[in-house]
>>> print(open('work09.txt').read())   # compact mmCIF, C-alpha atoms
# COMPACT_ATOMS: atom_id res chain seq x y z
CA MET D 1 -41.10 35.65 50.08
CA LEU D 2 -41.55 32.89 52.60
CA GLU D 3 -38.61 31.54 54.51
CA SER D 4 -36.96 28.57 52.84
CA LYS D 5 -37.90 26.32 55.76
CA SER D 6 -41.49 26.42 54.48
CA TYR D 7 -40.32 24.28 51.60
CA VAL D 8 -39.40 20.65 52.05
CA ALA D 9 -36.69 18.84 50.11
CA ILE D 10 -38.03 15.39 49.28
CA ASP D 11 -35.50 12.68 48.63
CA SER D 12 -36.55 11.26 45.27
CA ALA D 13 -34.88 7.95 46.14
CA ARG D 14 -36.72 7.61 49.44
CA GLU D 15 -39.24 4.81 49.40
CA LEU D 16 -42.66 6.02 50.48
CA SER D 17 -45.38 3.70 51.75
CA PRO D 18 -48.75 5.44 51.55
CA GLN D 19 -51.64 3.72 53.29
CA PRO D 20 -55.41 4.27 53.34
CA PRO D 21 -56.16 6.69 56.20
CA SER D 22 -57.80 5.19 59.26
CA ARG D 23 -61.42 6.23 59.64
CA TRP D 24 -60.71 6.68 63.34
CA GLY D 25 -58.45 9.56 62.50
CA LEU D 26 -61.17 11.59 60.84
CA TRP D 27 -61.80 13.42 64.10
CA ARG D 28 -58.66 15.43 63.33
CA GLU D 29 -60.55 17.11 60.51
CA ALA D 30 -62.49 19.06 63.15
CA SER D 31 -59.48 21.37 63.37
CA VAL D 32 -60.80 23.08 60.24
CA ALA D 33 -62.76 25.34 62.59
CA PHE D 34 -59.55 26.46 64.28
CA GLU D 35 -57.85 27.02 60.94
CA PHE D 36 -60.73 29.14 59.70
CA ALA D 37 -60.67 31.23 62.90
CA GLN D 38 -56.92 31.69 62.56
CA LEU D 39 -57.32 32.79 58.94
CA ALA D 40 -59.98 35.32 59.97
CA LEU D 41 -57.56 36.84 62.47
CA ARG D 42 -54.76 37.08 59.93
CA TYR D 43 -56.89 38.09 56.94
CA PRO D 44 -56.37 41.86 57.28
CA SER D 45 -52.59 41.46 57.19
CA LEU D 46 -52.71 38.84 54.44
CA THR D 47 -54.70 41.15 52.18
CA ARG D 48 -52.95 44.42 53.02
CA VAL D 49 -50.48 44.33 50.14
CA LYS D 50 -51.47 43.87 46.51
CA GLN D 51 -49.49 41.42 44.41
CA SER D 52 -48.66 41.21 40.73
CA PHE D 53 -50.10 38.22 38.88
CA LYS D 54 -49.18 37.85 35.21
CA HIS D 55 -51.64 35.03 34.58
CA PRO D 56 -55.27 34.31 35.55
CA VAL D 57 -55.89 31.65 38.19
CA ILE D 58 -58.41 28.82 37.82
CA LEU D 59 -59.56 26.96 40.95
CA PHE D 60 -60.45 23.25 40.99
CA PRO D 61 -62.59 22.02 43.93
CA GLY D 62 -62.15 18.71 45.74
CA PHE D 63 -64.19 15.53 45.57
CA GLY D 64 -67.87 16.01 46.39
CA THR D 65 -67.60 19.81 46.48
CA ASP D 66 -68.19 22.65 44.09
CA GLU D 67 -67.10 26.26 43.67
CA VAL D 68 -68.42 27.17 47.13
CA ALA D 69 -65.58 25.18 48.73
CA MET D 70 -63.06 27.43 47.00
CA ALA D 71 -64.87 30.68 47.77
CA VAL D 72 -62.52 31.89 50.51
CA LEU D 73 -59.40 31.23 48.46
CA HIS D 74 -61.09 32.85 45.46
CA HIS D 75 -61.87 35.97 47.51
CA TYR D 76 -58.35 36.10 48.92
CA LEU D 77 -56.58 35.87 45.56
CA LYS D 78 -58.95 38.37 43.97
CA THR D 79 -58.45 40.80 46.86
CA ILE D 80 -54.67 40.76 46.48
CA GLY D 81 -54.81 41.39 42.74
CA ALA D 82 -55.29 38.14 40.85
CA GLU D 83 -57.79 37.47 38.10
CA VAL D 84 -59.52 34.39 39.50
CA HIS D 85 -61.98 31.98 37.92
CA HIS D 86 -63.79 28.88 39.13
CA TRP D 87 -63.45 25.79 36.99
CA GLY D 88 -67.03 26.11 35.76
CA LEU D 89 -67.91 22.41 35.93
CA GLY D 90 -70.09 22.43 39.04
CA ARG D 91 -69.71 19.67 41.60
CA ASN D 92 -66.66 17.44 41.48
CA HIS D 93 -68.51 14.11 41.32
CA GLY D 94 -65.30 12.08 41.31
CA TYR D 95 -65.39 10.45 37.88
CA VAL D 96 -62.07 11.70 36.58
CA PRO D 97 -62.30 10.73 32.87
CA ASP D 98 -65.40 12.89 32.35
CA LEU D 99 -64.17 15.78 34.49
CA LEU D 100 -60.73 15.77 32.90
CA GLY D 101 -62.17 15.87 29.41
CA GLN D 102 -64.45 18.75 30.33
CA ALA D 103 -61.66 20.64 32.10
CA ILE D 104 -59.35 20.26 29.09
CA GLN D 105 -62.04 21.58 26.76
CA ARG D 106 -62.75 24.52 29.06
CA LEU D 107 -59.07 25.43 29.26
CA LYS D 108 -58.71 25.27 25.49
CA GLU D 109 -61.60 27.70 25.16
CA PHE D 110 -60.20 29.94 27.89
CA THR D 111 -56.77 30.20 26.28
CA THR D 112 -57.73 30.72 22.64
CA ASP D 113 -56.04 34.14 22.78
CA GLY D 114 -52.71 32.48 23.56
CA ARG D 115 -52.51 33.39 27.23
CA GLN D 116 -51.43 31.02 29.95
CA VAL D 117 -53.18 30.30 33.24
CA HIS D 118 -52.26 29.10 36.72
CA LEU D 119 -54.17 26.07 38.01
CA VAL D 120 -54.87 25.60 41.74
CA GLY D 121 -56.60 22.43 42.88
CA TRP D 122 -57.64 21.06 46.22
CA SER D 123 -57.62 17.29 46.81
CA LEU D 124 -59.00 15.48 43.74
CA GLY D 125 -59.26 18.88 42.07
CA GLY D 126 -55.50 19.14 42.30
CA TYR D 127 -55.06 15.77 40.65
CA ILE D 128 -57.30 16.89 37.78
CA ALA D 129 -55.40 20.19 37.51
CA ARG D 130 -52.14 18.23 37.19
CA GLU D 131 -53.59 16.06 34.45
CA VAL D 132 -54.80 19.13 32.55
CA ALA D 133 -51.25 20.49 32.72
CA ARG D 134 -49.91 17.13 31.55
CA GLU D 135 -52.14 17.38 28.47
CA LEU D 136 -51.88 21.14 27.83
CA SER D 137 -48.51 22.18 29.19
CA GLU D 138 -48.15 25.16 26.85
CA GLN D 139 -51.38 26.73 28.10
CA VAL D 140 -50.47 26.32 31.78
CA ALA D 141 -47.97 28.48 33.65
CA ARG D 142 -47.85 26.88 37.11
CA VAL D 143 -49.85 24.33 39.10
CA VAL D 144 -50.62 24.23 42.82
CA THR D 145 -51.98 21.10 44.49
CA MET D 146 -53.37 21.10 48.02
CA GLY D 147 -53.62 17.71 49.70
CA SER D 148 -53.88 16.02 46.31
CA PRO D 149 -53.12 12.31 45.84
CA VAL D 150 -50.60 12.05 43.01
CA VAL D 151 -50.18 8.28 43.35
CA GLY D 152 -52.74 5.53 43.84
CA GLY D 153 -55.85 7.42 42.75
CA PRO D 154 -58.41 7.02 45.57
CA LYS D 155 -56.59 3.98 46.97
CA PHE D 156 -54.83 5.96 49.71
CA THR D 157 -57.74 8.24 50.56
CA ALA D 158 -60.67 8.07 52.93
CA VAL D 159 -63.06 7.78 49.97
CA GLY D 160 -61.46 4.63 48.57
CA LYS D 161 -64.15 2.43 50.09
CA LEU D 162 -66.80 4.62 48.50
CA TYR D 163 -65.29 4.09 45.06
CA GLU D 164 -65.22 0.35 45.74
CA SER D 165 -68.91 0.45 46.65
CA TRP D 166 -69.52 2.02 43.25
CA GLY D 167 -67.86 -0.96 41.60
CA PHE D 168 -64.43 0.51 40.87
CA ASP D 169 -61.25 -1.57 41.17
CA LEU D 170 -58.84 0.55 43.24
CA ASP D 171 -55.77 -1.35 42.09
CA ALA D 172 -56.75 -0.88 38.45
CA MET D 173 -57.28 2.84 39.07
CA ALA D 174 -53.85 3.05 40.71
CA ARG D 175 -52.31 1.41 37.64
CA ASP D 176 -54.03 3.93 35.38
CA VAL D 177 -52.55 6.77 37.45
CA GLU D 178 -49.11 5.19 37.18
CA MET D 179 -49.43 4.78 33.42
CA ARG D 180 -50.34 8.45 32.99
CA ALA D 181 -47.33 9.42 35.10
CA ALA D 182 -45.06 8.02 32.37
CA VAL D 183 -45.63 11.32 30.56
CA THR D 184 -43.79 13.95 32.58
CA ILE D 185 -45.47 17.17 33.68
CA ALA D 186 -43.14 19.90 32.44
CA ASN D 187 -44.72 22.76 34.39
CA GLU D 188 -43.60 24.07 37.76
CA ILE D 189 -45.69 22.57 40.55
CA LEU D 190 -46.16 23.48 44.20
CA ALA D 191 -47.44 20.47 46.17
CA ILE D 192 -48.86 21.51 49.55
CA TYR D 193 -49.59 18.78 52.07
CA SER D 194 -50.17 18.18 55.77
CA LYS D 195 -49.01 15.17 57.77
CA ALA D 196 -52.17 15.58 59.88
CA ASP D 197 -54.36 15.06 56.80
CA ALA D 198 -56.94 12.41 57.70
CA VAL D 199 -58.53 12.22 54.23
CA VAL D 200 -55.53 11.74 51.94
CA ASP D 201 -52.40 10.03 53.24
CA TRP D 202 -49.67 12.68 53.04
CA GLN D 203 -47.21 10.27 51.43
CA ALA D 204 -49.59 9.92 48.48
CA CYS D 205 -49.23 13.70 47.96
CA ILE D 206 -45.48 13.50 47.35
CA ASP D 207 -44.53 13.81 43.70
CA GLN D 208 -41.32 11.92 42.95
CA ARG D 209 -41.76 12.05 39.19
CA SER D 210 -42.13 15.69 38.15
CA PRO D 211 -38.76 17.43 37.63
CA ARG D 212 -40.01 20.90 38.60
CA VAL D 213 -42.02 20.17 41.73
CA THR D 214 -41.61 21.90 45.09
CA HIS D 215 -43.16 20.40 48.22
CA ALA D 216 -44.39 22.50 51.12
CA GLU D 217 -45.73 21.18 54.41
CA VAL D 218 -48.38 23.03 56.43
CA GLN D 219 -49.98 22.28 59.76
CA GLY D 220 -53.66 21.46 59.68
CA SER D 221 -56.43 19.28 58.34
CA HIS D 222 -57.37 18.22 54.83
CA LEU D 223 -60.62 20.19 54.94
CA GLY D 224 -58.73 23.16 56.29
CA LEU D 225 -56.34 23.45 53.38
CA VAL D 226 -58.74 25.81 51.62
CA VAL D 227 -58.86 28.10 54.66
CA ASN D 228 -55.28 27.64 55.89
CA ALA D 229 -53.35 30.89 56.30
CA LYS D 230 -49.96 29.30 55.64
CA ALA D 231 -51.30 27.58 52.52
CA PHE D 232 -52.65 30.94 51.31
CA GLU D 233 -49.20 32.50 51.77
CA LEU D 234 -47.59 29.66 49.85
CA VAL D 235 -50.05 29.97 46.95
CA ARG D 236 -49.59 33.76 46.89
CA ASP D 237 -45.80 33.61 46.77
CA PHE D 238 -45.69 30.81 44.21
CA LEU D 239 -48.08 32.45 41.76
CA SER D 240 -47.42 36.17 42.15
CA GLY D 241 -44.88 37.76 39.89
CA THR D 242 -45.17 34.95 37.37
>>> encode(input="work09.txt", output="structure tokens")
Amino acid sequence: MLESKSYVAIDSARELSPQPPSRWGLWREASVAFEFAQLALRYPSLTRVKQSFKHPVILFPGFGTDEVAMAVLHHYLKTIGAEVHHWGLGRNHGYVPDLLGQAIQRLKEFTTDGRQVHLVGWSLGGYIAREVARELSEQVARVVTMGSPVVGGPKFTAVGKLYESWGFDLDAMARDVEMRAAVTIANEILAIYSKADAVVDWQACIDQRSPRVTHAEVQGSHLGLVVNAKAFELVRDFLSGT
């Protein structure tokens, strides 16, 4: 297991003030190359020992990406013994109502035999994974989010302006997110975030509502979360044996 210092105790009474990331900070996302190189160096040791996974894992890609973005994490989890599946919906185009409905239907079909699944989502994919668990808590074992905005919708992300250009009201979307949060997610959640994230403000990734959430901070970029060695360790330890 990872040392306890990998996990961060978040004061639920602390007032957070998420802000839209500055576009000038996007240069920090270039560190994804370093994170990928570091993962390549550590990959042999990370995959040396098989793990026990009681439930299949379904991966949810981030905004604007598809299954390819989750390929390295998919390979890693499969190599260490997990049954891993992509979400099967193609590109995450960003329109949550449609994607959520499709993801719920897919999970219902996947769990007709009564089994549970783990959900792992990156960025917007993590938000959708959480909402699936909110709707179908009995079918979900655990949820992992990686740099996922749990408050504000796209308001505190680098793509907020893009949503506005499409005609969406960011404040109205934030209110919708808040309204959904009134129904508690009962499942255990691991929320991974980085304070160097230049795409999603890290404070928007902090879940102060869910009673069974654990927060874990890693060093690196938003893009690098899907190739981050520490994040891989966290996902492994949270999902294996359960």
>>> residues_around(input="work09.txt", residues="segment 181-196 of chain D", least_positions_apart="6", cutoff="9 Å", atoms="only C-alpha atoms", output="ChimeraX atom specification")
/D:28-29,130-131,133-135,137-138,140-148,150-151,202-203,205-207,209-222,225,231,234-235,238
>>> atom_distance(input="work09.txt", atom1="atom CA of Ala103 of chain D", atom2="atom CA of Arg180 of chain D")
16.7 Å
>>> axis_aligned_box(input="work09.txt", around="segment 185-196 of chain D", padding_each_side="5 Å", output="AutoDock Vina command-line options")
--center_x -47.7 --center_y 19.6 --center_z 46.2 --size_x 19.0 --size_y 18.9 --size_z 37.4
>>> atom_distance(input="work09.txt", atom1="atom CA of Ala174 of chain D", atom2="atom CA of Phe156 of chain D")
9.5 Å
>>> closest_residue(input="work09.txt", among="D:Lys108, D:Arg48, D:Ala30, D:Phe168", to="Gly94 of chain D", atoms="all atoms listed in the file")
D:Phe168
>>> atom_distance(input="work09.txt", atom1="atom CA of Arg42 of chain D", atom2="atom CA of Asp237 of chain D")
16.3 Å
>>> build_atoms(input="work09.txt", residues="segment 62-75 of chain D", atoms="N, CA and C atoms", output="mmCIF file, keeping the file's coordinate frame")
data_model
loop_
_atom_site.group_PDB
_atom_site.id
_atom_site.type_symbol
_atom_site.label_atom_id
_atom_site.label_comp_id
_atom_site.auth_asym_id
_atom_site.auth_seq_id
_atom_site.Cartn_x
_atom_site.Cartn_y
_atom_site.Cartn_z
ATOM 1 N N GLY D 62 -62.399 20.100 45.392
ATOM 2 C CA GLY D 62 -62.150 18.710 45.740
ATOM 3 C C GLY D 62 -63.364 17.813 45.537
ATOM 4 N N PHE D 63 -63.146 16.541 45.749
ATOM 5 C CA PHE D 63 -64.190 15.530 45.570
ATOM 6 C C PHE D 63 -65.437 15.873 46.388
ATOM 7 N N GLY D 64 -66.593 15.793 45.725
ATOM 8 C CA GLY D 64 -67.870 16.010 46.390
ATOM 9 C C GLY D 64 -68.216 17.452 46.655
ATOM 10 N N THR D 65 -67.340 18.384 46.240
ATOM 11 C CA THR D 65 -67.600 19.810 46.480
ATOM 12 C C THR D 65 -67.715 20.558 45.169
ATOM 13 N N ASP D 66 -68.109 21.807 45.282
ATOM 14 C CA ASP D 66 -68.190 22.650 44.090
ATOM 15 C C ASP D 66 -67.461 23.961 44.350
ATOM 16 N N GLU D 67 -67.795 24.982 43.582
ATOM 17 C CA GLU D 67 -67.100 26.260 43.670
ATOM 18 C C GLU D 67 -67.187 26.894 45.057
ATOM 19 N N VAL D 68 -68.247 26.585 45.805
ATOM 20 C CA VAL D 68 -68.420 27.170 47.130
ATOM 21 C C VAL D 68 -67.238 26.821 48.037
ATOM 22 N N ALA D 69 -66.703 25.616 47.886
ATOM 23 C CA ALA D 69 -65.580 25.180 48.730
ATOM 24 C C ALA D 69 -64.342 26.023 48.506
ATOM 25 N N MET D 70 -64.236 26.623 47.329
ATOM 26 C CA MET D 70 -63.060 27.430 47.000
ATOM 27 C C MET D 70 -63.318 28.921 47.151
ATOM 28 N N ALA D 71 -64.456 29.271 47.734
ATOM 29 C CA ALA D 71 -64.870 30.680 47.770
ATOM 30 C C ALA D 71 -63.911 31.560 48.562
ATOM 31 N N VAL D 72 -63.405 31.066 49.691
ATOM 32 C CA VAL D 72 -62.520 31.890 50.510
ATOM 33 C C VAL D 72 -61.191 32.127 49.799
ATOM 34 N N LEU D 73 -60.636 31.072 49.215
ATOM 35 C CA LEU D 73 -59.400 31.230 48.460
ATOM 36 C C LEU D 73 -59.610 32.132 47.253
ATOM 37 N N HIS D 74 -60.750 31.998 46.601
ATOM 38 C CA HIS D 74 -61.090 32.850 45.460
ATOM 39 C C HIS D 74 -61.106 34.316 45.903
ATOM 40 N N HIS D 75 -61.780 34.599 47.016
ATOM 41 C CA HIS D 75 -61.870 35.970 47.510
ATOM 42 C C HIS D 75 -60.493 36.512 47.866
#
